Structures are given as structure tokens and as C-alpha cells.
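File shown here: coords-v7.tsv, holding TSV, C-alpha atoms.
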```tsv
chain	number	residue	atom	x	y	z
A	2	MET	CA	65.40	-116.30	-62.05
A	3	LYS	CA	68.81	-114.61	-62.05
A	4	LYS	CA	67.17	-111.24	-62.82
A	5	LEU	CA	64.77	-111.68	-59.90
A	6	THR	CA	67.67	-112.51	-57.56
A	7	TRP	CA	69.50	-109.37	-58.72
A	8	LEU	CA	66.42	-107.21	-58.09
A	9	VAL	CA	65.95	-108.63	-54.59
A	10	SER	CA	69.64	-108.08	-53.81
A	11	ALA	CA	69.50	-104.52	-55.14
A	12	VAL	CA	66.46	-103.64	-53.06
A	13	PHE	CA	68.06	-105.17	-49.97
A	14	LEU	CA	71.26	-103.18	-50.58
A	15	ILE	CA	69.35	-99.92	-50.95
A	16	LEU	CA	67.42	-100.51	-47.74
A	17	LEU	CA	70.51	-101.57	-45.80
A	18	VAL	CA	72.70	-98.65	-46.83
A	19	SER	CA	69.86	-96.15	-46.41
A	20	LEU	CA	69.35	-97.48	-42.88
A	21	LEU	CA	73.05	-97.11	-42.08
A	22	CYS	CA	73.10	-93.58	-43.46
A	23	GLY	CA	70.28	-92.57	-41.16
A	24	CYS	CA	71.61	-94.09	-37.94
A	25	ALA	CA	73.00	-91.73	-35.26
A	26	GLY	CA	74.58	-89.31	-37.70
A	27	LEU	CA	76.60	-92.06	-39.37
A	28	ALA	CA	77.86	-90.62	-42.70
A	29	ALA	CA	77.84	-92.82	-45.80
A	30	SER	CA	81.05	-93.22	-47.78
A	31	ALA	CA	81.40	-92.47	-51.48
A	32	GLN	CA	81.56	-96.21	-52.11
A	33	GLU	CA	78.19	-96.64	-50.41
A	34	TYR	CA	76.73	-93.83	-52.52
A	35	TYR	CA	78.07	-95.59	-55.59
A	36	SER	CA	76.58	-98.94	-54.52
A	37	ILE	CA	73.16	-97.38	-53.98
A	38	GLY	CA	73.37	-95.62	-57.35
A	39	MET	CA	74.23	-98.84	-59.15
A	40	ALA	CA	71.47	-100.69	-57.34
A	41	TYR	CA	68.96	-98.15	-58.62
A	42	TYR	CA	70.58	-98.41	-62.06
A	43	GLY	CA	69.99	-102.17	-62.03
A	44	LEU	CA	66.33	-101.53	-61.21
A	45	GLY	CA	66.04	-99.08	-64.12
A	46	LYS	CA	65.31	-96.16	-61.78
A	47	TYR	CA	67.63	-93.76	-63.52
A	48	ASP	CA	66.60	-90.55	-61.73
A	49	GLU	CA	67.44	-92.06	-58.35
A	50	ALA	CA	70.61	-93.64	-59.74
A	51	GLU	CA	71.78	-90.25	-61.06
A	52	LYS	CA	71.25	-88.63	-57.68
A	53	TRP	CA	73.44	-91.13	-55.84
A	54	LEU	CA	76.07	-91.42	-58.56
A	55	ASN	CA	76.47	-87.64	-58.64
A	56	ARG	CA	77.23	-87.80	-54.91
A	57	ALA	CA	79.72	-90.61	-55.43
A	58	LYS	CA	81.32	-88.65	-58.27
A	59	GLN	CA	82.61	-86.06	-55.80
A	60	ALA	CA	85.17	-88.49	-54.36
A	61	ASP	CA	88.34	-89.40	-56.25
A	62	ARG	CA	87.95	-93.08	-55.50
A	63	THR	CA	84.56	-93.41	-57.23
A	64	MET	CA	84.75	-90.44	-59.59
A	65	THR	CA	85.57	-92.26	-62.84
A	66	ALA	CA	83.20	-95.19	-62.31
A	67	SER	CA	80.36	-92.84	-61.35
A	68	GLN	CA	80.96	-90.60	-64.35
A	69	TYR	CA	81.04	-93.60	-66.69
A	70	ASN	CA	77.73	-94.91	-65.38
A	71	LEU	CA	76.16	-91.45	-65.53
A	72	GLY	CA	77.15	-91.55	-69.19
A	73	ARG	CA	75.49	-94.94	-69.57
A	74	ILE	CA	72.27	-93.58	-68.07
A	75	ALA	CA	72.33	-90.60	-70.43
A	76	PHE	CA	72.93	-92.92	-73.38
A	77	GLU	CA	70.12	-95.30	-72.45
A	78	THR	CA	67.71	-92.37	-72.07
A	79	GLU	CA	68.87	-91.08	-75.49
A	80	LYS	CA	70.49	-87.95	-74.09
A	81	TYR	CA	73.48	-88.48	-76.33
A	82	LYS	CA	74.98	-85.02	-75.88
A	83	ASP	CA	75.07	-85.51	-72.10
A	84	ALA	CA	76.46	-89.03	-72.54
A	85	ALA	CA	79.30	-87.77	-74.74
A	86	LYS	CA	80.07	-85.07	-72.17
A	87	GLN	CA	80.42	-87.69	-69.40
A	88	PHE	CA	82.53	-90.14	-71.42
A	89	GLU	CA	84.78	-87.47	-72.89
A	90	GLY	CA	85.12	-85.89	-69.47
A	91	ILE	CA	86.77	-89.12	-68.35
A	92	LEU	CA	89.07	-89.03	-71.38
A	93	LYS	CA	90.32	-85.56	-70.47
A	94	LYS	CA	91.75	-87.04	-67.27
A	95	ASP	CA	92.52	-90.53	-68.60
A	96	PRO	CA	93.02	-90.49	-72.43
A	97	ASP	CA	93.75	-94.23	-72.55
A	98	ASN	CA	90.57	-95.37	-70.79
A	99	VAL	CA	89.36	-98.14	-73.12
A	100	LEU	CA	85.78	-98.30	-71.80
A	101	ALA	CA	85.33	-94.54	-72.07
A	102	LEU	CA	86.85	-94.44	-75.56
A	103	ARG	CA	84.56	-97.20	-76.77
A	104	ALA	CA	81.49	-95.58	-75.21
A	105	ALA	CA	82.40	-92.11	-76.49
A	106	ALA	CA	82.93	-93.43	-80.02
A	107	PHE	CA	79.60	-95.25	-80.10
A	108	THR	CA	77.82	-92.22	-78.66
A	109	ARG	CA	79.30	-90.00	-81.37
A	110	ILE	CA	77.97	-92.44	-83.98
A	111	LYS	CA	74.50	-92.04	-82.46
A	112	MET	CA	74.95	-88.27	-82.71
A	113	ASN	CA	75.98	-88.69	-86.38
A	114	ASP	CA	79.29	-87.04	-85.51
A	115	ILE	CA	81.37	-89.55	-87.43
A	116	GLU	CA	84.55	-87.49	-87.47
A	117	LYS	CA	84.82	-87.51	-83.67
A	118	ALA	CA	83.80	-91.17	-83.60
A	119	GLU	CA	86.63	-91.96	-86.01
A	120	LYS	CA	89.15	-90.16	-83.79
A	121	HIS	CA	88.01	-92.14	-80.76
A	122	TYR	CA	88.21	-95.46	-82.63
A	123	ASN	CA	91.63	-94.56	-84.02
A	124	LYS	CA	92.87	-93.96	-80.48
A	125	LEU	CA	91.12	-97.06	-79.16
A	126	LEU	CA	92.71	-99.36	-81.72
A	127	SER	CA	96.16	-97.95	-80.98
A	128	ILE	CA	95.63	-99.29	-77.44
A	129	VAL	CA	93.81	-102.56	-78.19
A	130	PRO	CA	94.65	-103.37	-81.82
A	131	GLU	CA	93.52	-106.97	-81.39
A	132	SER	CA	89.85	-106.01	-80.80
A	133	ALA	CA	87.95	-107.13	-83.91
A	134	ASP	CA	84.67	-105.61	-82.70
A	135	ASP	CA	86.26	-102.18	-82.33
A	136	GLY	CA	88.01	-102.66	-85.67
A	137	TYR	CA	84.65	-103.37	-87.31
A	138	ASN	CA	83.08	-100.27	-85.79
A	139	HIS	CA	86.06	-98.17	-86.84
A	140	ALA	CA	85.79	-99.46	-90.42
A	141	LEU	CA	82.05	-98.78	-90.37
A	142	VAL	CA	82.72	-95.15	-89.44
A	143	LEU	CA	85.40	-94.85	-92.14
A	144	PHE	CA	82.96	-96.32	-94.68
A	145	ALA	CA	80.37	-93.69	-93.70
A	146	MET	CA	83.04	-91.04	-94.25
A	147	GLU	CA	83.66	-92.56	-97.72
A	148	ARG	CA	87.25	-93.32	-96.78
A	149	TYR	CA	86.97	-96.73	-98.39
A	150	ASP	CA	90.65	-97.47	-98.81
A	151	LYS	CA	91.27	-96.84	-95.11
A	152	ALA	CA	88.22	-98.93	-94.13
A	153	GLU	CA	89.55	-101.84	-96.20
A	154	GLU	CA	92.95	-101.47	-94.55
A	155	VAL	CA	91.41	-101.67	-91.08
A	156	LEU	CA	89.26	-104.71	-91.93
A	157	GLU	CA	92.21	-106.61	-93.35
A	158	LYS	CA	93.92	-106.46	-89.96
A	159	TYR	CA	91.42	-109.10	-88.77
A	160	PRO	CA	91.76	-112.01	-91.22
A	161	TYR	CA	90.22	-114.55	-88.85
A	162	SER	CA	87.09	-112.44	-88.34
A	163	LEU	CA	86.81	-112.02	-92.10
A	164	GLN	CA	86.42	-115.80	-92.26
A	165	ASP	CA	83.43	-116.16	-89.95
A	166	ASN	CA	82.03	-112.76	-88.89
A	167	ASN	CA	79.11	-112.08	-91.24
A	168	ASP	CA	78.86	-108.38	-90.43
A	169	MET	CA	82.54	-107.90	-91.16
A	170	VAL	CA	82.37	-109.91	-94.39
A	171	LEU	CA	79.48	-107.79	-95.69
A	172	LEU	CA	81.21	-104.53	-94.80
A	173	TYR	CA	84.36	-105.81	-96.51
A	174	ALA	CA	82.37	-106.66	-99.64
A	175	ARG	CA	80.69	-103.26	-99.72
A	176	THR	CA	84.00	-101.50	-99.16
A	177	GLN	CA	85.63	-103.37	-102.04
A	178	LYS	CA	82.59	-102.67	-104.23
A	179	ALA	CA	83.00	-98.95	-103.49
A	180	LEU	CA	86.66	-99.28	-104.51
A	181	ASP	CA	85.56	-101.05	-107.73
A	182	LYS	CA	87.51	-104.18	-106.83
A	183	VAL	CA	86.49	-107.44	-108.47
A	184	GLU	CA	87.35	-109.28	-105.21
A	185	ALA	CA	84.10	-107.91	-103.81
A	186	ILE	CA	82.22	-110.52	-105.86
A	187	ASP	CA	83.64	-113.43	-103.85
A	188	ASN	CA	82.89	-111.70	-100.55
A	189	TYR	CA	79.28	-110.98	-101.52
A	190	ALA	CA	78.89	-114.60	-102.62
A	191	LYS	CA	80.36	-115.78	-99.32
A	192	TRP	CA	77.96	-113.64	-97.30
A	193	LEU	CA	74.93	-114.67	-99.35
A	194	SER	CA	75.76	-118.35	-98.91
A	195	SER	CA	74.53	-118.07	-95.31
A	196	ASN	CA	72.03	-115.21	-95.77
A	197	THR	CA	70.08	-116.38	-98.79
A	198	SER	CA	66.88	-114.43	-98.07
A	199	ASP	CA	68.35	-110.93	-98.01
A	200	LYS	CA	67.10	-109.43	-101.30
A	201	LYS	CA	68.70	-106.02	-100.75
A	202	VAL	CA	72.23	-107.45	-100.52
A	203	ARG	CA	71.50	-109.85	-103.39
A	204	TYR	CA	70.51	-106.82	-105.48
A	205	GLU	CA	73.85	-105.14	-104.66
A	206	TYR	CA	75.56	-108.36	-105.70
A	207	ALA	CA	73.66	-108.56	-108.98
A	208	GLN	CA	74.55	-104.96	-109.82
A	209	LEU	CA	78.20	-105.70	-109.09
A	210	LEU	CA	78.14	-108.74	-111.39
A	211	GLU	CA	76.57	-106.64	-114.14
A	212	GLN	CA	79.16	-103.91	-113.58
A	213	HIS	CA	81.92	-106.46	-114.26
A	214	ASP	CA	80.14	-107.82	-117.37
A	215	LEU	CA	79.21	-111.11	-115.72
A	216	TYR	CA	75.82	-110.93	-117.38
A	217	ALA	CA	74.64	-114.53	-117.03
A	218	ARG	CA	75.25	-114.57	-113.28
A	219	ALA	CA	73.70	-111.11	-112.83
A	220	LEU	CA	70.64	-112.20	-114.82
A	221	GLU	CA	70.20	-115.20	-112.56
A	222	GLU	CA	70.41	-113.04	-109.45
A	223	TYR	CA	67.89	-110.47	-110.72
A	224	ARG	CA	65.44	-113.22	-111.56
A	225	THR	CA	65.95	-114.85	-108.17
A	226	ILE	CA	65.10	-111.54	-106.46
A	227	LEU	CA	61.94	-111.09	-108.57
A	228	SER	CA	60.90	-114.66	-107.87
A	229	ASP	CA	61.45	-114.21	-104.13
A	230	SER	CA	59.60	-110.86	-104.24
A	231	ALA	CA	56.62	-112.51	-105.91
A	232	SER	CA	56.56	-115.19	-103.19
A	233	ALA	CA	56.86	-112.54	-100.47
A	234	SER	CA	54.03	-110.46	-101.97
A	235	SER	CA	51.72	-113.46	-102.06
A	236	SER	CA	52.45	-114.13	-98.39
A	237	GLY	CA	52.10	-110.44	-97.43
A	238	ALA	CA	55.78	-110.04	-96.50
A	239	ALA	CA	56.95	-107.45	-99.06
A	240	ASP	CA	60.40	-105.89	-98.67
A	241	GLU	CA	59.94	-102.14	-98.19
A	242	ASP	CA	63.66	-101.45	-98.67
A	243	LEU	CA	63.74	-102.78	-102.22
A	244	LYS	CA	61.20	-101.81	-104.89
A	245	LYS	CA	60.29	-104.56	-107.32
A	246	SER	CA	60.12	-102.02	-110.16
A	247	ASP	CA	63.78	-101.04	-109.56
A	248	VAL	CA	64.87	-104.67	-109.90
A	249	ARG	CA	62.72	-105.03	-112.99
A	250	PHE	CA	64.41	-101.98	-114.55
A	251	SER	CA	67.86	-103.43	-113.79
A	252	LEU	CA	66.86	-106.71	-115.42
A	253	ALA	CA	65.56	-104.83	-118.49
A	254	ARG	CA	68.75	-102.78	-118.73
A	255	LEU	CA	70.91	-105.90	-118.59
A	256	LEU	CA	68.87	-107.67	-121.27
A	257	LEU	CA	68.97	-104.65	-123.58
A	258	ILE	CA	72.75	-104.34	-123.27
A	259	ALA	CA	73.72	-108.02	-123.16
A	260	ASP	CA	71.37	-109.19	-125.92
A	261	ASP	CA	70.63	-106.31	-128.26
A	262	GLU	CA	68.62	-108.51	-130.63
A	263	SER	CA	66.18	-109.70	-127.99
A	264	GLY	CA	62.82	-108.06	-127.46
A	265	GLU	CA	62.62	-109.36	-123.88
A	266	GLY	CA	64.41	-106.29	-122.51
A	267	ILE	CA	61.73	-103.92	-123.86
A	268	THR	CA	59.01	-106.16	-122.42
A	269	GLU	CA	60.68	-106.06	-119.01
A	270	MET	CA	61.07	-102.27	-119.26
A	271	GLU	CA	57.37	-101.82	-120.03
A	272	THR	CA	56.55	-104.07	-117.06
A	273	ALA	CA	58.86	-102.04	-114.81
A	274	VAL	CA	57.07	-98.81	-115.78
A	275	SER	CA	53.64	-100.41	-115.26
A	276	GLU	CA	54.79	-101.51	-111.79
A	277	GLY	CA	55.69	-97.92	-110.86
A	278	TYR	CA	59.20	-97.28	-112.17
A	279	ASP	CA	59.37	-93.52	-112.79
A	280	ASN	CA	63.04	-92.57	-113.14
A	281	ILE	CA	62.84	-90.92	-116.56
A	282	GLU	CA	66.49	-89.81	-116.48
A	283	ALA	CA	67.71	-93.41	-116.04
A	284	VAL	CA	65.66	-94.63	-119.01
A	285	GLU	CA	66.87	-91.70	-121.11
A	286	GLU	CA	70.48	-92.56	-120.24
A	287	LEU	CA	69.90	-96.16	-121.28
A	288	GLN	CA	68.26	-94.96	-124.51
A	289	LYS	CA	71.50	-93.18	-125.40
A	290	ASN	CA	73.67	-96.26	-124.74
A	291	THR	CA	75.24	-97.44	-127.99
A	292	LYS	CA	75.32	-101.04	-126.73
A	293	VAL	CA	71.53	-101.07	-127.14
A	294	SER	CA	70.32	-101.78	-130.67
A	295	SER	CA	68.93	-98.87	-132.68
A	296	THR	CA	65.54	-100.60	-132.85
A	297	ASN	CA	65.38	-100.91	-129.07
A	298	ARG	CA	66.61	-97.34	-128.62
A	299	ASP	CA	63.66	-96.14	-130.68
A	300	LYS	CA	61.31	-98.20	-128.51
A	301	LEU	CA	62.92	-96.75	-125.38
A	302	ARG	CA	62.29	-93.25	-126.73
A	303	THR	CA	58.61	-94.13	-127.03
A	304	ILE	CA	58.62	-95.40	-123.44
A	305	VAL	CA	60.31	-92.19	-122.27
A	306	ASN	CA	57.72	-90.07	-124.08
A	307	ASN	CA	54.90	-92.02	-122.45
A	308	MET	CA	56.53	-91.65	-119.04
A	309	GLN	CA	56.84	-87.89	-119.54
A	310	ARG	CA	53.18	-87.59	-120.56
A	311	THR	CA	52.13	-89.59	-117.52
A	312	PHE	CA	54.27	-87.40	-115.29
A	313	GLU	CA	52.84	-84.19	-116.78
A	314	ALA	CA	49.30	-85.52	-116.39
A	315	LYS	CA	49.90	-86.30	-112.72
A	316	GLU	CA	51.41	-82.84	-112.20
A	317	ALA	CA	48.38	-81.21	-113.86
A	318	GLU	CA	46.00	-83.33	-111.80
A	319	ALA	CA	47.80	-82.40	-108.56
A	320	ALA	CA	47.76	-78.70	-109.51
A	321	ALA	CA	44.03	-78.86	-110.32
A	322	ALA	CA	43.29	-80.56	-107.00
A	323	LYS	CA	45.29	-77.90	-105.16
A	324	GLU	CA	43.47	-75.10	-106.99
A	325	ALA	CA	40.10	-76.67	-106.23
A	326	GLU	CA	41.00	-76.93	-102.57
A	327	LYS	CA	42.05	-73.27	-102.53
A	328	THR	CA	38.81	-72.21	-104.23
A	329	GLU	CA	36.77	-74.15	-101.69
A	330	GLU	CA	38.61	-72.43	-98.84
A	331	ASP	CA	37.99	-68.99	-100.42
A	332	LEU	CA	34.25	-69.71	-100.59
A	333	GLN	CA	34.03	-70.45	-96.86
A	334	PRO	CA	32.71	-67.51	-94.67
A	335	ASP	CA	35.45	-65.86	-92.64
A	336	ASP	CA	33.52	-66.14	-89.38
A	337	LEU	CA	30.18	-67.90	-89.18
A	338	SER	CA	29.65	-66.58	-85.66
A	339	GLU	CA	29.22	-63.04	-87.00
A	340	THR	CA	26.01	-64.04	-88.79
A	341	ASP	CA	22.94	-64.42	-86.60
A	342	PRO	CA	19.89	-65.40	-88.67
A	343	GLU	CA	17.52	-64.84	-85.76
A	344	ALA	CA	18.84	-61.32	-85.18
A	345	ASP	CA	18.40	-60.49	-88.88
A	346	SER	CA	14.79	-61.74	-88.86
A	347	GLU	CA	13.97	-59.49	-85.94
```
Turn the structure described in the file into C-alpha cells.
Amino acid sequence: MKKLTWLVSAVFLILLVSLLCGCAGLAASAQEYYSIGMAYYGLGKYDEAEKWLNRAKQADRTMTASQYNLGRIAFETEKYKDAAKQFEGILKKDPDNVLALRAAAFTRIKMNDIEKAEKHYNKLLSIVPESADDGYNHALVLFAMERYDKAEEVLEKYPYSLQDNNDMVLLYARTQKALDKVEAIDNYAKWLSSNTSDKKVRYEYAQLLEQHDLYARALEEYRTILSDSASASSSGAADEDLKKSDVRFSLARLLLIADDESGEGITEMETAVSEGYDNIEAVEELQKNTKVSSTNRDKLRTIVNNMQRTFEAKEAEAAAAKEAEKTEEDLQPDDLSETDPEADSE
């Protein structure tokens, strides 16, 4: 209902101002141009909005607001380069413009220009250091730049958000994991307590537990993921971001290292390979690990040999198929239209 009221008001405004502009040579003001442009913007008619906002941009009074909204139009139509030009044009005249800094930073993220995004966020937070949302985005950019220590420093400026903001808690956990800090375990556990169905994050958590030799807890997490994956597969809701065979390999690796007398690890490894696990290098690395019993290392060597044979067979099959396709193409006439059976018979 509110949206409908806004649309009616916008249409009325456009008609009214357009009527005034056409009466007896009465010139519209920049503010009227701006109002018409924003009315069209509200209707989603961006081409018309651009036309009027560009007119309003010529006047000092409406220049900055018009330029900002032209940037918004460019952003919403995925013309990120144009959007950045508009927002950063404002910053040349007004370096402390918070809205323009925020918009420019987010646009640079969309452009995958994280270095410029980081500069904008750094400036933004020097002006509004209390903004947790901007702090999160800044830390996210720093994380992407692999400046983990700086990202952690930024996140820790917002202790209250780290208590109840799930996105911030997860980024904090991942940052600490990248820094190889054991504190990451508690933050992953905290996040998973309210996001129990996220198998990808649970897998990160299980790997972290294994990394810190917390084998029993890691084992439980790997098995939980496999159990959830089995349930998801039966319901047709498989997780494309996490391969079951990768989890199975991790479980096998843990069992082989944590319990070198058990044969369960080899069984899990064979299952992982049968389910599609094909990282030969990872299995070879595990086969060289002295924490694995000599008996199991011999069995891993057999698995590696089988994987290599399977890989070579697939390569040979693909090469044969490619050669057959090439031969078939060579046998095709160059131009069937050149042959005229009826003409030959005459």
C-alpha cells in the first residue's frame, strides 16, 4: 500500500512540474529538475531519471545530491565503473562525505578493486569509527587482501557486535583461523550454535579442530556432516559447495593419524575414492606421514596406484574419443553442394 501511494505521488509530481515547466515560458529550477529525476528514480525509470538529474547536476545547490543518485542508478544497472566515477567525483570536492565514501567503497568491492575499497573504508572509519557495519565491510576487504592481523584488529573494535552479529562472528572466526589462533574454535562453535545446518562452515570447524589435535571433536563434526549430507541427498537437497568425497577423505585422514592401528581409516579412504575423490597428491602426502602406521601406508600406496591407473585410463579414453571425433570430421566432404548427382548422370 505504501509503495502504491509513493508511485501515485511520484506520477503526480512529474505531471505537475512538467506542466509548470511548459507554462508561458516559466523556467524550472534545479530543485524541480531534481524532484522530477528522483520521482522517475522511484518508478525505476532510470533513463528518464538520468536525464533530469544531469540537468539538476549543473546547479551548485543540487550538484552533489544529483551526482550521488546518478551513481546509484549506475550501480543498480551494474555499470560499476560509471558508479565509481560519480561517487569518487563527489569525494574530490568533499573528501569527508560519508555517503559517497560508503558507496564508493562498496562499488570498488563489486569491481574487485579491493585496494581502493580498503582506502575508502579506512577513510570512512576515521570519520565514523562507531559504525559496526562499515567496520565489518572494512574487515571483509582486509580479509580478502590476506591482511588477517589488520582485519582482526578492526573487528575487535566492535565488541558488542561480536556478541550478537552472526556475520561478524563468522568473519572473526575465519580471520583467527587464518592466523592459526586457537581462539577461533570458540568463535566457530558460537556461530554454529545458531546456524546448525551450514555444512560448509561446520567443515571448516572440523578441520580447525583436527589442526589443533582435538581429534574426538573433529571426528564427531565430520560424521555429523556426512550424516546431514546423506539426509540432504535423500531429500534432493545436496550441497553443491561441499563435496561429500572431500569430507570422507578428511575423516579417513583423521582416523589414519589418530588411530594408526584401526583399519577404519583405510575403509573410509576407499569409500572416498569410490565416491569420486581424485586428489592423488593429497593421498600421496598422507601416505608419507609417519603418524600413519607402516601397514596402512602400504595400503595407501595401493590406493594411490589404483587412482593413478584410473586417471590414466580416463585420459586415454578422452584422447581416443577426441581422435575419433577428429577422424569423423576428416571423413566429411568439404562441400556437399559441389557434388550434383543429377549433373553427373547426365
Can you tell me, as a list in words, what residues are no more than 9 Å from Tyr42 (chain A) when counting all atoms listed in the file, ignoring any on the same chain fewer than 5 positions away?
Ile37, Tyr47, Asp48, Glu49, Ala50, Glu51, Asn70 and Ile74 of chain A
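Here the question is which of A:Val248, A:Ala317, A:Leu125, A:Ala273 gets nearest to Ile304 (chain A) using all atoms listed in the file, and that residue is A:Ala273.
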So what do you get for CA of Gly277 (chain A) versus CA of Leu255 (chain A), distance-wise?
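Separation between CA of Gly277 (chain A) and CA of Leu255 (chain A): 18.8 Å.
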Nearest to Thr65 (chain A) among A:Asp83, A:Asp168, A:Glu324, A:Glu89, with distances taken over only C-alpha atoms: which residue is it?
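Smallest distance to Thr65 (chain A) is found for A:Glu89.
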Grab the CA of Ile258 (chain A) to CA of Ser275 (chain A) distance for me, in Å with one decimal place.
21.1 Å
Give me, as an NGL selection string, all polymer residues having an atom no more than 7 Å from Ala105 (chain A), counting all atoms listed in the file and skipping those fewer than 3 positions away in the same chain.
:A and (85 or 88-89 or 101-102 or 108-109)
Which residue, A:Leu71, A:Ala118, A:Leu209, A:Ala133, has the smallest gap to Lys158 (chain A) when you use all atoms listed in the file?
A:Ala133
Leaving out Ser67 (chain A) and any residue of its chain fewer than 3 positions from it, which residues lie within 12 Å of it when counting all atoms listed in the file, given as a PyMOL selection string?
chain A and resi 31-39+42+50-64+70-74+87-88+90-91+101
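Those residues that approach region 300-303 of chain A to within 9 Å, counting only C-alpha atoms, are A:Ile267, A:Met270, A:Val284, A:Glu285, A:Leu287, A:Gln288, A:Ser295, A:Met308; same-chain residues fewer than 5 positions away are not listed.
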What does the distance from CA of Tyr137 (chain A) to CA of Thr197 (chain A) come to in Å, to one decimal?
22.7 Å
Excluding Val202 (chain A) and any residue of its chain fewer than 5 positions from it, enumerate the residues within 9 Å of it, using only C-alpha atoms, and give them as a ChimeraX atom specification.
/A:171,189,193,207
Could you take the residues named above and write them with C-alpha atoms, as a PDB file, in the frame of the given file?
```
ATOM      1  CA  LEU A 171      79.480-107.790 -95.690  1.00  0.00           C
ATOM      2  CA  TYR A 189      79.280-110.980-101.520  1.00  0.00           C
ATOM      3  CA  LEU A 193      74.930-114.670 -99.350  1.00  0.00           C
ATOM      4  CA  ALA A 207      73.660-108.560-108.980  1.00  0.00           C
TER       5      ALA A 207
END
```
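Using only C-alpha atoms, the smallest distance between any of A:Thr296, A:Asn306, A:Glu222, A:Ala179 and Asp199 (chain A) comes from A:Glu222.
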Pick from A:Val155, A:Val99, A:Leu252, A:Ala219 nearest to Arg203 (chain A), counting only C-alpha atoms:
A:Ala219
Could the centre and edge lengths of an axis-aligned box, enclosing all atoms of region 254-273 of chain A in the file with 8 Å extra on each side, be given in Å to one decimal as lines of an AutoDock Vina configuration file?
```
center_x = 65.1
center_y = -105.8
center_z = -122.7
size_x = 33.2
size_y = 23.9
size_z = 31.8
```
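Of the listed residues (A:Thr268, A:Ser198, A:Asn297, A:Gln68), A:Thr268 comes nearest to Phe250 (chain A); the distances count all atoms listed in the file.
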For region 142-153 of chain A in the structure I just supplied, write out C-alpha atoms - as a CSV table (one decimal), in the first residue's frame.
```csv
chain,number,residue,atom,x,y,z
A,142,VAL,CA,38.1,-6.3,2.4
A,143,LEU,CA,41.2,-6.7,4.6
A,144,PHE,CA,40.5,-10.4,4.8
A,145,ALA,CA,40.3,-10.6,1.0
A,146,MET,CA,43.7,-8.9,0.9
A,147,GLU,CA,45.0,-11.5,3.3
A,148,ARG,CA,45.8,-8.9,5.8
A,149,TYR,CA,44.4,-11.0,8.6
A,150,ASP,CA,46.1,-9.3,11.6
A,151,LYS,CA,44.7,-6.0,10.5
A,152,ALA,CA,41.2,-7.5,9.9
A,153,GLU,CA,41.2,-8.9,13.4
```
